[in-house]
Amino acid sequence: MAHADTHSDHHDHKPSGIGRWLFATNHKDIGTMYLLFALVMFFLGGAMALGIRLELFKPGMQFFDPGFYNSLVTSHALVMIFGAVMPAFVGLANWMIPLQIGAPDMALPRMNNYSFWILPFAFTLLLSSFFTAGGGPAGGWTLYPPLSLQAGDSFPLTIFAIHMMGASSIMGAINVIVTILNMRAPGMSLLKLPLFCWTWLITAYLLIAVMPVLAGAVTMLLTDHYFGTSFFNPAGGGDPVMFQHIFWFFGHPEVYILILPAFGIVSEIIPTFSRKPLFGYDAMVYATASIAFLSFIVWAHHMFTVGMPLSGQMFFMMSTMLIAVPTGVKVFNWTTTMWKGSLSFEPPMLFALAFLFLFTIGGFSGLMLAIAPADFQYQDTYFVVAHFHYVLVPGAVFAIMAGVYYWLPKWTGHMYSMSLAKWHFWLSTVSVNVLFFPQHFLGLAGMPRRIPDYSTQFTDWNMVSSVGGFVFGFSQILFAVVVWQCARGGAKATDRVWDADPTGLEWTLPSPAPYHSFETAPEIH
Amino acid sequence: MLNRKVFSALGGLLAAVPALAYDSSYNMPTGVTAIAREVHGLHMQIFWICVVIAVAVFGVMIYSIVAFRKSSGAVADRTLLHSTKVEVIWTVIPVAILIFMAVPAAKTLVKMEDTRNAELSVKVTGYQWKWQYEYLGKGVSFYSSLATESNYARQLNSGVDVTTVKDYLLDVDNEFVVPVDTKIRLLLTGNDVIHAWWVPDFAVKKDAIPGFINEAWFKADRLGRYTGQCAELCGRDHGFMPIVVKVVSKEDFAKWLAAQQDAAKAATTTAPATPVAAAL
């Protein structure tokens with residue numbers, strides 16, 4: 001397209017120095033900060049996970065006090081969910097949504113700045129709790145009372161950190177919705193929207209719906225702890241199970257907040273490297289919307305063992321099983337997109353394919369977990385740990401890496417080292433299975449989750465899992481190296497970057513994309 | 001030493017493939033109650049359904065990856081955009097499979113929730129970090145904590161090789177003794193925070209929640225010693241409050257109960273420091 005050439009140099013004026021980042025309003029700068037923040041948090045949360053795997057390498061307590069171990073488990077979850085995966089998705093949204101819909105920037109740039117800069121403070125607060133009396137938060141990321149109320153001085157820090165993360169997420173979500181609904185190029189009807197934008201639009205609505213619910217729940221914890229209320233205290237007429245209902249009414253849509261944008265990324269990459277349009281675009285959009293709707297009516301499957309009435313258990317079992325239908329539709333559509341395609345296996349495609357296989361394995365264990373009578377045996381064991389790590393690590397995290405490898409040349413203007421990226425891929429994919437697959441066995445054989453030590457019959461699989469964990473963890477350094485090298489230089493990337501000739505407006509811009517993206521709206525035919 | 005263990009573990013990983021359904025270090029135990037066997041059956045049924053779907057779906061994916069490679073000259077068919085027929089098929093078939101799964105699952109669930117006609121009721125209370133068992137109407141009550149030997153060995157830098165400890169972390173001072181072939185109803189509650197009472201061989205896992213009384217039941221049909229653990233994070237020593245249930249014959253149980261009752265009486269009558277408790 002010719003319009004890309006109309007960007008003259010004076011439009012590309014960038015603010016300089018630290019002010020460019022502190023007062024950033026440019027979607028690319030903010031996107032970059034989100035992604036770097038997520039990467040730092042990924043390594044921090046990963047270090048915590050390696051601490052966990054180190055202690056679990058063999059039975060007996062070798063390194064940590066059990067209380068500190070619980071803090072590691074709790075913080076690992078909070079850091080990975082709110083610090084790594086969610087900010088990475090927001091970073092990708094910031095970078096890619098204006099490029100994909102033909103807009104100059106996000107709709108609300110100052111709020112964009114604010115929603116990012118809250119995060120470093122939120123996580124400083126959360127992590128500083130490790131240095132308070134009583135250590136870091138140790139009641140699990142689910143914060144179930146009464147246990148969470150036994151925390152020491154980490155408690156208010158954790159609650160305020162969660163409030164801030166929630167505020168950041170809500171602002172990010174508002175920005176995504178306003179941008180997508182108002183700033184699309186002329187002619188881009190909603191059913192021409194790229195799937196990454198579609199899944200993010202739906203995710204943003206989920207965020208706005210459930211983040212205030214979480215904020216309410218943790219505020220009630222706070223008043224129970226400090227102001228004598230008894231929302232969750234049975235001695236005062238409260239109900240500890242009510243917290244779980246409120247928490248999971250947030251928590252289950254949150255699960256889809258962590259995976260829907262991943263669906264979007266994969267839906268961009270598989271068609272590109274199959275050299276074929278996505279199969280069943282409309283069905284993909286409707287399936288995403290169905291999953292989002294169902295996510296609001298399945299929450300109590302996280303709590304089958306709390307002693308719900310039989311009818312409640314039946315309802316949540318059936319509604320949960322139903323989610324398999326739209327999720328299946330998505331997997332079948334991706335598979336059919338590859339059918340009769342012309343496939344090549346660049347790093348983004350490799351990660352997208354690993355996502356496809358391994359997310360599906362997580363889907364199968366999810367289906368098993370839906371069966372309430374069997375869930376009594378799976379609940380709170382390593383089987384569940386294996387399940388949600390399959391959908392979050394080779395699911396969400398691999399999709400994020402696929403997205404970064406897909407769009408990185410567009411961002412930096414350089415190609416990266418394909419061979420190093422392939423090394424990263426193979427090491428990650430093999431080790432992630434060595435890490436998490438044996439945890440299915442551990443759970444089925446009876447090992448509960450969130451324990452710092454175990455009886456000796458679980459030794460072998462824990463050792464295997466820990467070996468996988470360390471290989472996986474250190475392999476991620478390669479990812480940082482690839483990104484760093486690509487930012488510093490490399491072969492010049494063409495506008496379309498991939499010889500698979502990807503479709504989408506982002507590929508009509510030069511690489512690197514100009515600072516203000518589309519200053520004149522492109523026309524969609 | 002360490003290398004040898006890692007290799008034996010890796011060997012175990014390979015050996016796991018054929019042994020998947022039969023060896024309890026890879027799979028759910030079959031259990032010793034009718035319900036546990038039903039649950040195991042449901043688990044294996046859904047597992048095999050997943051395996052069949054996986055073979056079909058992964059088969060198509062792998063075939064596509066092999067057959068439609070650009071490097072081997074595959075040309076994309078860009079007209080393949082959507083097909084109402086296949087989309088209806090791959091929506092309807094999963095729904096049918098789910099209904100097929102839901103019916104037996106619902107039946108088992110109804111049975112698991114039916115706590116009527118219990119022959120013995122025991123109140124189980126979770127504490128940080130031990131269990132209390134009260135045989136209702138029998139005058140027997142005791143606490144059950146991690147056995148001393150395990151408790152010593154599990155301390156940080158205890159210097160004990162835990163592989164030499166008998167039933168490491170799955171041993172208690174006072175076992176929960178129950179008669180065989182008897183429907184036993186558990187009334188579960190928590191004293192401080194939420195715990196969960198779980199014995200895999202009975203397929204019973206139920207939360208013990210402060211302010212609530214939850215119900216569960218089991219009817220073991222085989223003598224033996226069955227272990228479990230607290231399954232809800234309950235604080236620092238969550239990993240160290242095991243459950244040991246000893247299923248004995250009805251005669252042995254009667255003898256055990258009588259001995260406990262005598263001991264309880266002796267304790268109350270020979271304890272002058274607590275006369276009020278004795279009067280109660």
# chains A, B, ... in the order shown; residues from 1 in each chain; ligands from 1
>>> residues_around(residues="Ala300 of chain A", least_positions_apart="5", cutoff="12 Å", atoms="only C-alpha atoms", output="compact mmCIF listing (two decimals) with N, CA and C atoms, in the first residue's frame")
# COMPACT_ATOMS: atom_id res chain seq x y z
N VAL A 241 -17.56 -20.02 53.06
CA VAL A 241 -17.78 -20.56 51.72
C VAL A 241 -18.25 -19.45 50.77
N MET A 242 -18.91 -18.43 51.34
CA MET A 242 -19.36 -17.34 50.47
C MET A 242 -18.15 -16.69 49.78
N PHE A 243 -17.02 -16.58 50.49
CA PHE A 243 -15.84 -16.02 49.85
C PHE A 243 -15.47 -16.83 48.62
N GLN A 244 -15.53 -18.15 48.76
CA GLN A 244 -15.13 -19.00 47.63
C GLN A 244 -16.06 -18.78 46.44
N HIS A 245 -17.35 -18.62 46.72
CA HIS A 245 -18.28 -18.36 45.62
C HIS A 245 -17.95 -17.04 44.93
N ILE A 246 -17.71 -16.00 45.74
CA ILE A 246 -17.40 -14.70 45.14
C ILE A 246 -16.07 -14.77 44.40
N PHE A 247 -15.08 -15.40 45.07
CA PHE A 247 -13.76 -15.46 44.45
C PHE A 247 -13.82 -16.16 43.11
N TRP A 248 -14.50 -17.31 43.04
CA TRP A 248 -14.49 -18.06 41.79
C TRP A 248 -15.44 -17.47 40.75
N PHE A 249 -16.39 -16.63 41.21
CA PHE A 249 -17.17 -15.90 40.20
C PHE A 249 -16.24 -14.95 39.44
N PHE A 250 -15.23 -14.44 40.15
CA PHE A 250 -14.13 -13.74 39.46
C PHE A 250 -13.20 -14.75 38.80
N GLY A 251 -12.84 -15.80 39.56
CA GLY A 251 -11.73 -16.66 39.17
C GLY A 251 -11.97 -17.43 37.90
N HIS A 252 -13.21 -17.87 37.66
CA HIS A 252 -13.35 -18.65 36.44
C HIS A 252 -13.28 -17.80 35.17
N PRO A 253 -14.01 -16.67 35.10
CA PRO A 253 -13.77 -15.80 33.94
C PRO A 253 -12.29 -15.40 33.83
N SER A 295 -18.32 -18.97 30.92
CA SER A 295 -17.37 -18.81 32.02
C SER A 295 -18.02 -18.20 33.25
N THR A 305 -15.93 -29.89 46.50
CA THR A 305 -15.80 -30.57 47.79
C THR A 305 -16.30 -29.74 48.98
N VAL A 306 -16.85 -28.52 48.73
CA VAL A 306 -17.26 -27.71 49.88
C VAL A 306 -18.58 -28.18 50.49
N GLY A 307 -19.27 -29.10 49.83
CA GLY A 307 -20.53 -29.57 50.37
C GLY A 307 -21.71 -28.78 49.83
N MET A 308 -21.73 -28.63 48.50
CA MET A 308 -22.88 -27.97 47.87
C MET A 308 -24.06 -28.94 47.84
N PRO A 309 -25.29 -28.41 47.70
CA PRO A 309 -26.43 -29.31 47.50
C PRO A 309 -26.22 -30.12 46.21
N GLY A 312 -26.89 -28.34 43.02
CA GLY A 312 -25.81 -27.41 42.65
C GLY A 312 -24.67 -28.13 41.98
N GLN A 313 -24.29 -29.27 42.54
CA GLN A 313 -23.19 -30.03 41.94
C GLN A 313 -23.54 -30.47 40.53
N MET A 314 -24.79 -30.92 40.37
CA MET A 314 -25.25 -31.37 39.04
C MET A 314 -25.15 -30.23 38.04
N PHE A 315 -25.66 -29.05 38.44
CA PHE A 315 -25.67 -27.91 37.52
C PHE A 315 -24.25 -27.57 37.10
N PHE A 316 -23.35 -27.47 38.09
CA PHE A 316 -22.00 -27.02 37.75
C PHE A 316 -21.23 -28.10 36.99
N MET A 317 -21.57 -29.35 37.21
CA MET A 317 -20.93 -30.41 36.42
C MET A 317 -21.35 -30.30 34.96
N MET A 318 -22.66 -30.16 34.74
CA MET A 318 -23.18 -30.13 33.35
C MET A 318 -22.70 -28.87 32.62
N SER A 319 -22.79 -27.72 33.28
CA SER A 319 -22.40 -26.48 32.59
C SER A 319 -20.91 -26.51 32.26
N THR A 320 -20.12 -27.11 33.15
CA THR A 320 -18.68 -27.18 32.88
C THR A 320 -18.39 -28.08 31.68
N ALA A 370 -14.26 -32.04 35.12
CA ALA A 370 -15.66 -31.63 35.16
C ALA A 370 -16.56 -32.70 35.75
N ALA A 372 -17.94 -34.51 38.32
CA ALA A 372 -17.88 -34.24 39.76
C ALA A 372 -17.43 -35.43 40.61
>>> interface_residues(of="chain B", to="chain A", cutoff="6 Å", atoms="only C-alpha atoms", output="PDB file with N, CA and C atoms, in the first residue's frame")
ATOM      1  N   ALA B   9      14.204 -42.930  37.479  1.00  0.00           N
ATOM      2  CA  ALA B   9      12.959 -42.194  37.310  1.00  0.00           C
ATOM      3  C   ALA B   9      12.613 -42.045  35.831  1.00  0.00           C
ATOM      4  N   SER B  24      -0.442 -48.308  40.614  1.00  0.00           N
ATOM      5  CA  SER B  24      -0.976 -47.204  41.395  1.00  0.00           C
ATOM      6  C   SER B  24       0.006 -46.038  41.547  1.00  0.00           C
ATOM      7  N   SER B  25       1.246 -46.159  41.067  1.00  0.00           N
ATOM      8  CA  SER B  25       2.071 -44.955  41.138  1.00  0.00           C
ATOM      9  C   SER B  25       1.843 -44.062  39.928  1.00  0.00           C
ATOM     10  N   TYR B  26       0.998 -44.492  38.998  1.00  0.00           N
ATOM     11  CA  TYR B  26       0.639 -43.645  37.860  1.00  0.00           C
ATOM     12  C   TYR B  26      -0.841 -43.312  37.840  1.00  0.00           C
ATOM     13  N   ASN B  27      -1.626 -44.069  38.566  1.00  0.00           N
ATOM     14  CA  ASN B  27      -3.065 -43.935  38.366  1.00  0.00           C
ATOM     15  C   ASN B  27      -3.806 -43.928  39.693  1.00  0.00           C
ATOM     16  N   MET B  28      -5.072 -43.534  39.598  1.00  0.00           N
ATOM     17  CA  MET B  28      -5.950 -43.516  40.749  1.00  0.00           C
ATOM     18  C   MET B  28      -6.115 -44.932  41.285  1.00  0.00           C
ATOM     19  N   VAL B  39     -16.168 -44.688  40.987  1.00  0.00           N
ATOM     20  CA  VAL B  39     -15.459 -43.464  40.631  1.00  0.00           C
ATOM     21  C   VAL B  39     -14.256 -43.804  39.752  1.00  0.00           C
ATOM     22  N   HIS B  43     -13.567 -42.508  36.020  1.00  0.00           N
ATOM     23  CA  HIS B  43     -12.271 -41.904  35.675  1.00  0.00           C
ATOM     24  C   HIS B  43     -11.675 -42.594  34.447  1.00  0.00           C
ATOM     25  N   CYS B  50     -11.171 -39.576  26.228  1.00  0.00           N
ATOM     26  CA  CYS B  50     -10.191 -38.539  25.856  1.00  0.00           C
ATOM     27  C   CYS B  50      -9.102 -39.128  24.958  1.00  0.00           C
ATOM     28  N   MET B  61      -4.022 -33.645  13.018  1.00  0.00           N
ATOM     29  CA  MET B  61      -2.994 -32.590  13.101  1.00  0.00           C
ATOM     30  C   MET B  61      -1.657 -33.116  12.567  1.00  0.00           C
ATOM     31  N   SER B  64      -1.683 -33.552   8.888  1.00  0.00           N
ATOM     32  CA  SER B  64      -1.580 -32.268   8.181  1.00  0.00           C
ATOM     33  C   SER B  64      -0.142 -31.768   8.188  1.00  0.00           C
ATOM     34  N   PHE B  68       1.020 -31.819   4.393  1.00  0.00           N
ATOM     35  CA  PHE B  68       0.817 -30.531   3.723  1.00  0.00           C
ATOM     36  C   PHE B  68       1.979 -29.578   3.994  1.00  0.00           C
ATOM     37  N   ARG B  69       3.194 -30.102   3.811  1.00  0.00           N
ATOM     38  CA  ARG B  69       4.372 -29.260   4.048  1.00  0.00           C
ATOM     39  C   ARG B  69       4.688 -28.479   2.787  1.00  0.00           C
ATOM     40  N   LYS B  70       4.983 -27.210   2.957  1.00  0.00           N
ATOM     41  CA  LYS B  70       5.389 -26.404   1.819  1.00  0.00           C
ATOM     42  C   LYS B  70       6.681 -26.974   1.227  1.00  0.00           C
ATOM     43  N   ALA B  74       3.501 -28.840  -1.118  1.00  0.00           N
ATOM     44  CA  ALA B  74       2.049 -28.725  -0.939  1.00  0.00           C
ATOM     45  C   ALA B  74       1.585 -27.332  -1.361  1.00  0.00           C
ATOM     46  N   VAL B  75       0.453 -27.275  -2.042  1.00  0.00           N
ATOM     47  CA  VAL B  75      -0.130 -25.998  -2.454  1.00  0.00           C
ATOM     48  C   VAL B  75      -1.418 -25.808  -1.663  1.00  0.00           C
ATOM     49  N   ALA B  76      -1.589 -24.610  -1.076  1.00  0.00           N
ATOM     50  CA  ALA B  76      -2.749 -24.370  -0.217  1.00  0.00           C
ATOM     51  C   ALA B  76      -4.031 -24.298  -1.033  1.00  0.00           C
ATOM     52  N   ASP B  77      -5.078 -24.908  -0.499  1.00  0.00           N
ATOM     53  CA  ASP B  77      -6.407 -24.793  -1.089  1.00  0.00           C
ATOM     54  C   ASP B  77      -7.117 -23.642  -0.373  1.00  0.00           C
ATOM     55  N   ARG B  78      -7.012 -22.440  -0.964  1.00  0.00           N
ATOM     56  CA  ARG B  78      -7.509 -21.253  -0.260  1.00  0.00           C
ATOM     57  C   ARG B  78      -9.022 -21.105  -0.326  1.00  0.00           C
ATOM     58  N   LEU B  81     -12.963 -22.491   3.300  1.00  0.00           N
ATOM     59  CA  LEU B  81     -13.189 -21.428   4.280  1.00  0.00           C
ATOM     60  C   LEU B  81     -14.140 -21.831   5.381  1.00  0.00           C
ATOM     61  N   HIS B  82     -15.181 -22.536   5.017  1.00  0.00           N
ATOM     62  CA  HIS B  82     -16.050 -23.052   6.071  1.00  0.00           C
ATOM     63  C   HIS B  82     -17.024 -24.033   5.471  1.00  0.00           C
ATOM     64  N   LEU B 109     -22.975 -39.645  41.517  1.00  0.00           N
ATOM     65  CA  LEU B 109     -23.027 -38.483  42.401  1.00  0.00           C
ATOM     66  C   LEU B 109     -24.196 -38.600  43.384  1.00  0.00           C
ATOM     67  N   ARG B 154      10.987 -34.867  59.421  1.00  0.00           N
ATOM     68  CA  ARG B 154      10.601 -33.855  58.425  1.00  0.00           C
ATOM     69  C   ARG B 154      11.079 -32.457  58.793  1.00  0.00           C
ATOM     70  N   LEU B 156      13.436 -29.280  59.127  1.00  0.00           N
ATOM     71  CA  LEU B 156      14.487 -28.777  58.243  1.00  0.00           C
ATOM     72  C   LEU B 156      15.847 -29.221  58.770  1.00  0.00           C
ATOM     73  N   TYR B 168       6.750 -42.724  55.881  1.00  0.00           N
ATOM     74  CA  TYR B 168       7.099 -41.321  56.081  1.00  0.00           C
ATOM     75  C   TYR B 168       5.947 -40.393  55.689  1.00  0.00           C
ATOM     76  N   LEU B 169       5.528 -39.567  56.615  1.00  0.00           N
ATOM     77  CA  LEU B 169       4.448 -38.578  56.470  1.00  0.00           C
ATOM     78  C   LEU B 169       3.058 -39.195  56.311  1.00  0.00           C
ATOM     79  N   VAL B 193      -9.340 -23.206  60.512  1.00  0.00           N
ATOM     80  CA  VAL B 193      -9.413 -22.831  59.097  1.00  0.00           C
ATOM     81  C   VAL B 193     -10.022 -24.020  58.351  1.00  0.00           C
ATOM     82  N   LYS B 205     -13.514 -37.109  49.574  1.00  0.00           N
ATOM     83  CA  LYS B 205     -12.789 -35.870  49.872  1.00  0.00           C
ATOM     84  C   LYS B 205     -13.841 -34.823  50.168  1.00  0.00           C
ATOM     85  N   LYS B 206     -13.795 -34.306  51.386  1.00  0.00           N
ATOM     86  CA  LYS B 206     -14.811 -33.328  51.762  1.00  0.00           C
ATOM     87  C   LYS B 206     -14.157 -32.265  52.623  1.00  0.00           C
ATOM     88  N   ASP B 207     -14.539 -31.020  52.403  1.00  0.00           N
ATOM     89  CA  ASP B 207     -13.946 -29.935  53.178  1.00  0.00           C
ATOM     90  C   ASP B 207     -14.481 -29.938  54.607  1.00  0.00           C
ATOM     91  N   GLY B 211     -17.790 -23.630  61.243  1.00  0.00           N
ATOM     92  CA  GLY B 211     -19.163 -23.132  61.162  1.00  0.00           C
ATOM     93  C   GLY B 211     -20.081 -23.978  60.309  1.00  0.00           C
ATOM     94  N   ASN B 214     -20.259 -30.747  57.284  1.00  0.00           N
ATOM     95  CA  ASN B 214     -20.418 -31.448  56.011  1.00  0.00           C
ATOM     96  C   ASN B 214     -20.562 -32.933  56.261  1.00  0.00           C
ATOM     97  N   ALA B 231      -6.344 -32.105  52.240  1.00  0.00           N
ATOM     98  CA  ALA B 231      -6.292 -31.690  50.833  1.00  0.00           C
ATOM     99  C   ALA B 231      -6.717 -30.240  50.633  1.00  0.00           C
ATOM    100  N   ARG B 236       0.921 -23.479  57.701  1.00  0.00           N
ATOM    101  CA  ARG B 236       2.316 -23.883  57.649  1.00  0.00           C
ATOM    102  C   ARG B 236       2.480 -25.397  57.536  1.00  0.00           C
ATOM    103  N   GLY B 239       1.064 -29.882  54.985  1.00  0.00           N
ATOM    104  CA  GLY B 239       1.575 -31.136  54.428  1.00  0.00           C
ATOM    105  C   GLY B 239       1.819 -32.204  55.479  1.00  0.00           C
TER     106      GLY B 239
END
>>> select_by_dssp(residues="segment 157-322 of chain A", states="alpha helix (DSSP H)", output="ChimeraX atom specification")
/A:157-182,195-226,240-257,260-274,281-294,310-322
>>> atom_distance(atom1="atom CA of Thr115 of chain B", atom2="atom CA of Leu187 of chain B")
10.2 Å
>>> residues_around(residues="Gln260 of chain B", least_positions_apart="2", cutoff="10 Å", atoms="only C-alpha atoms", output="number ranges by chain")
B: 138-142, 254-258, 262-266
>>> write_last_selection(atoms="all heavy atoms", output="mmCIF file, in the first residue's frame")
data_model
loop_
_atom_site.group_PDB
_atom_site.id
_atom_site.type_symbol
_atom_site.label_atom_id
_atom_site.label_comp_id
_atom_site.auth_asym_id
_atom_site.auth_seq_id
_atom_site.Cartn_x
_atom_site.Cartn_y
_atom_site.Cartn_z
ATOM 1 N N LYS B 138 -20.784 -43.044 71.376
ATOM 2 C CA LYS B 138 -19.984 -44.162 71.877
ATOM 3 C C LYS B 138 -19.054 -43.731 73.003
ATOM 4 O O LYS B 138 -18.377 -44.564 73.598
ATOM 5 C CB LYS B 138 -19.121 -44.775 70.759
ATOM 6 C CG LYS B 138 -19.872 -45.123 69.503
ATOM 7 C CD LYS B 138 -20.690 -46.382 69.679
ATOM 8 C CE LYS B 138 -21.312 -46.783 68.348
ATOM 9 N NZ LYS B 138 -22.493 -47.652 68.537
ATOM 10 N N GLY B 139 -18.955 -42.432 73.222
ATOM 11 C CA GLY B 139 -18.085 -41.948 74.285
ATOM 12 C C GLY B 139 -16.603 -42.100 73.988
ATOM 13 O O GLY B 139 -15.799 -42.186 74.916
ATOM 14 N N VAL B 140 -16.270 -42.183 72.716
ATOM 15 C CA VAL B 140 -14.849 -42.309 72.365
ATOM 16 C C VAL B 140 -14.453 -41.129 71.489
ATOM 17 O O VAL B 140 -15.163 -40.791 70.536
ATOM 18 C CB VAL B 140 -14.577 -43.635 71.624
ATOM 19 C CG1 VAL B 140 -13.159 -43.650 71.067
ATOM 20 C CG2 VAL B 140 -14.801 -44.803 72.553
ATOM 21 N N SER B 141 -13.344 -40.529 71.840
ATOM 22 C CA SER B 141 -12.881 -39.361 71.093
ATOM 23 C C SER B 141 -11.379 -39.245 71.253
ATOM 24 O O SER B 141 -10.856 -39.459 72.349
ATOM 25 C CB SER B 141 -13.583 -38.115 71.645
ATOM 26 O OG SER B 141 -12.897 -36.965 71.232
ATOM 27 N N PHE B 142 -10.682 -38.949 70.156
ATOM 28 C CA PHE B 142 -9.228 -38.786 70.271
ATOM 29 C C PHE B 142 -8.702 -37.933 69.131
ATOM 30 O O PHE B 142 -9.388 -37.726 68.125
ATOM 31 C CB PHE B 142 -8.526 -40.150 70.292
ATOM 32 C CG PHE B 142 -8.833 -41.012 69.091
ATOM 33 C CD1 PHE B 142 -8.125 -40.877 67.912
ATOM 34 C CD2 PHE B 142 -9.866 -41.958 69.157
ATOM 35 C CE1 PHE B 142 -8.421 -41.666 66.803
ATOM 36 C CE2 PHE B 142 -10.174 -42.737 68.046
ATOM 37 C CZ PHE B 142 -9.446 -42.600 66.877
ATOM 38 N N ALA B 254 -15.438 -54.093 67.802
ATOM 39 C CA ALA B 254 -16.184 -54.099 69.076
ATOM 40 C C ALA B 254 -15.198 -54.151 70.243
ATOM 41 O O ALA B 254 -15.338 -53.431 71.235
ATOM 42 C CB ALA B 254 -17.153 -55.279 69.112
ATOM 43 N N LYS B 255 -14.172 -55.000 70.117
ATOM 44 C CA LYS B 255 -13.156 -55.115 71.178
ATOM 45 C C LYS B 255 -12.404 -53.797 71.340
ATOM 46 O O LYS B 255 -12.204 -53.311 72.449
ATOM 47 C CB LYS B 255 -12.146 -56.221 70.821
ATOM 48 C CG LYS B 255 -12.612 -57.616 71.153
ATOM 49 C CD LYS B 255 -11.474 -58.602 70.865
ATOM 50 C CE LYS B 255 -12.042 -59.871 70.250
ATOM 51 N NZ LYS B 255 -11.069 -60.593 69.448
ATOM 52 N N TRP B 256 -12.007 -53.246 70.188
ATOM 53 C CA TRP B 256 -11.241 -51.983 70.224
ATOM 54 C C TRP B 256 -12.063 -50.884 70.899
ATOM 55 O O TRP B 256 -11.579 -50.145 71.741
ATOM 56 C CB TRP B 256 -10.869 -51.582 68.800
ATOM 57 C CG TRP B 256 -10.165 -50.253 68.709
ATOM 58 C CD1 TRP B 256 -8.836 -50.013 68.860
ATOM 59 C CD2 TRP B 256 -10.766 -48.973 68.461
ATOM 60 N NE1 TRP B 256 -8.572 -48.680 68.726
ATOM 61 C CE2 TRP B 256 -9.744 -48.019 68.478
ATOM 62 C CE3 TRP B 256 -12.097 -48.559 68.236
ATOM 63 C CZ2 TRP B 256 -9.985 -46.660 68.267
ATOM 64 C CZ3 TRP B 256 -12.334 -47.213 68.029
ATOM 65 C CH2 TRP B 256 -11.281 -46.279 68.034
ATOM 66 N N LEU B 257 -13.359 -50.832 70.498
ATOM 67 C CA LEU B 257 -14.234 -49.777 71.024
ATOM 68 C C LEU B 257 -14.390 -49.942 72.534
ATOM 69 O O LEU B 257 -14.294 -48.965 73.291
ATOM 70 C CB LEU B 257 -15.601 -49.841 70.327
ATOM 71 C CG LEU B 257 -16.495 -48.626 70.523
ATOM 72 C CD1 LEU B 257 -15.887 -47.397 69.859
ATOM 73 C CD2 LEU B 257 -17.891 -48.891 69.949
ATOM 74 N N ALA B 258 -14.607 -51.198 72.979
ATOM 75 C CA ALA B 258 -14.774 -51.446 74.406
ATOM 76 C C ALA B 258 -13.519 -51.020 75.164
ATOM 77 O O ALA B 258 -13.607 -50.368 76.215
ATOM 78 C CB ALA B 258 -15.060 -52.934 74.645
ATOM 79 N N ASP B 262 -13.345 -48.181 78.058
ATOM 80 C CA ASP B 262 -12.799 -48.422 79.395
ATOM 81 C C ASP B 262 -11.718 -47.408 79.711
ATOM 82 O O ASP B 262 -11.673 -46.835 80.806
ATOM 83 C CB ASP B 262 -12.219 -49.841 79.479
ATOM 84 C CG ASP B 262 -13.327 -50.882 79.449
ATOM 85 O OD1 ASP B 262 -14.502 -50.479 79.639
ATOM 86 O OD2 ASP B 262 -13.034 -52.062 79.217
ATOM 87 N N ALA B 263 -10.860 -47.185 78.739
ATOM 88 C CA ALA B 263 -9.752 -46.246 78.944
ATOM 89 C C ALA B 263 -10.297 -44.848 79.209
ATOM 90 O O ALA B 263 -9.793 -44.125 80.080
ATOM 91 C CB ALA B 263 -8.832 -46.247 77.736
ATOM 92 N N ALA B 264 -11.342 -44.480 78.470
ATOM 93 C CA ALA B 264 -11.925 -43.154 78.637
ATOM 94 C C ALA B 264 -12.515 -43.003 80.033
ATOM 95 O O ALA B 264 -12.344 -41.987 80.701
ATOM 96 C CB ALA B 264 -12.994 -42.912 77.566
ATOM 97 N N LYS B 265 -13.234 -44.077 80.477
ATOM 98 C CA LYS B 265 -13.828 -44.047 81.829
ATOM 99 C C LYS B 265 -12.734 -43.934 82.874
ATOM 100 O O LYS B 265 -12.818 -43.123 83.800
ATOM 101 C CB LYS B 265 -14.642 -45.326 82.069
ATOM 102 C CG LYS B 265 -16.083 -45.197 81.637
ATOM 103 C CD LYS B 265 -16.914 -46.343 82.215
ATOM 104 C CE LYS B 265 -18.116 -46.600 81.324
ATOM 105 N NZ LYS B 265 -18.080 -47.913 80.681
ATOM 106 N N ALA B 266 -11.710 -44.758 82.734
ATOM 107 C CA ALA B 266 -10.611 -44.755 83.697
ATOM 108 C C ALA B 266 -9.986 -43.366 83.766
ATOM 109 O O ALA B 266 -9.687 -42.862 84.848
ATOM 110 C CB ALA B 266 -9.560 -45.790 83.294
#
>>> residues_around(residues="Leu35 of chain A", least_positions_apart="3", cutoff="9 Å", atoms="only C-alpha atoms", output="VMD selection string")
chain A and resid 30 to 32 38 to 40 84 87 to 92
>>> write_last_selection(atoms="C-alpha atoms", output="mmCIF file, in the first residue's frame")
data_model
loop_
_atom_site.group_PDB
_atom_site.id
_atom_site.type_symbol
_atom_site.label_atom_id
_atom_site.label_comp_id
_atom_site.auth_asym_id
_atom_site.auth_seq_id
_atom_site.Cartn_x
_atom_site.Cartn_y
_atom_site.Cartn_z
ATOM 1 C CA ILE A 30 3.671 1.522 26.521
ATOM 2 C CA GLY A 31 3.347 -1.869 24.851
ATOM 3 C CA THR A 32 7.106 -2.330 25.066
ATOM 4 C CA ALA A 38 5.940 -9.130 31.979
ATOM 5 C CA LEU A 39 9.292 -10.678 31.043
ATOM 6 C CA VAL A 40 10.904 -9.538 34.291
ATOM 7 C CA ALA A 84 3.475 -12.007 33.703
ATOM 8 C CA PRO A 87 0.567 -7.680 31.352
ATOM 9 C CA ALA A 88 2.067 -9.608 28.429
ATOM 10 C CA PHE A 89 -1.352 -9.777 26.805
ATOM 11 C CA VAL A 90 -1.955 -6.084 27.475
ATOM 12 C CA GLY A 91 1.456 -5.328 25.973
ATOM 13 C CA LEU A 92 0.579 -7.277 22.842
#
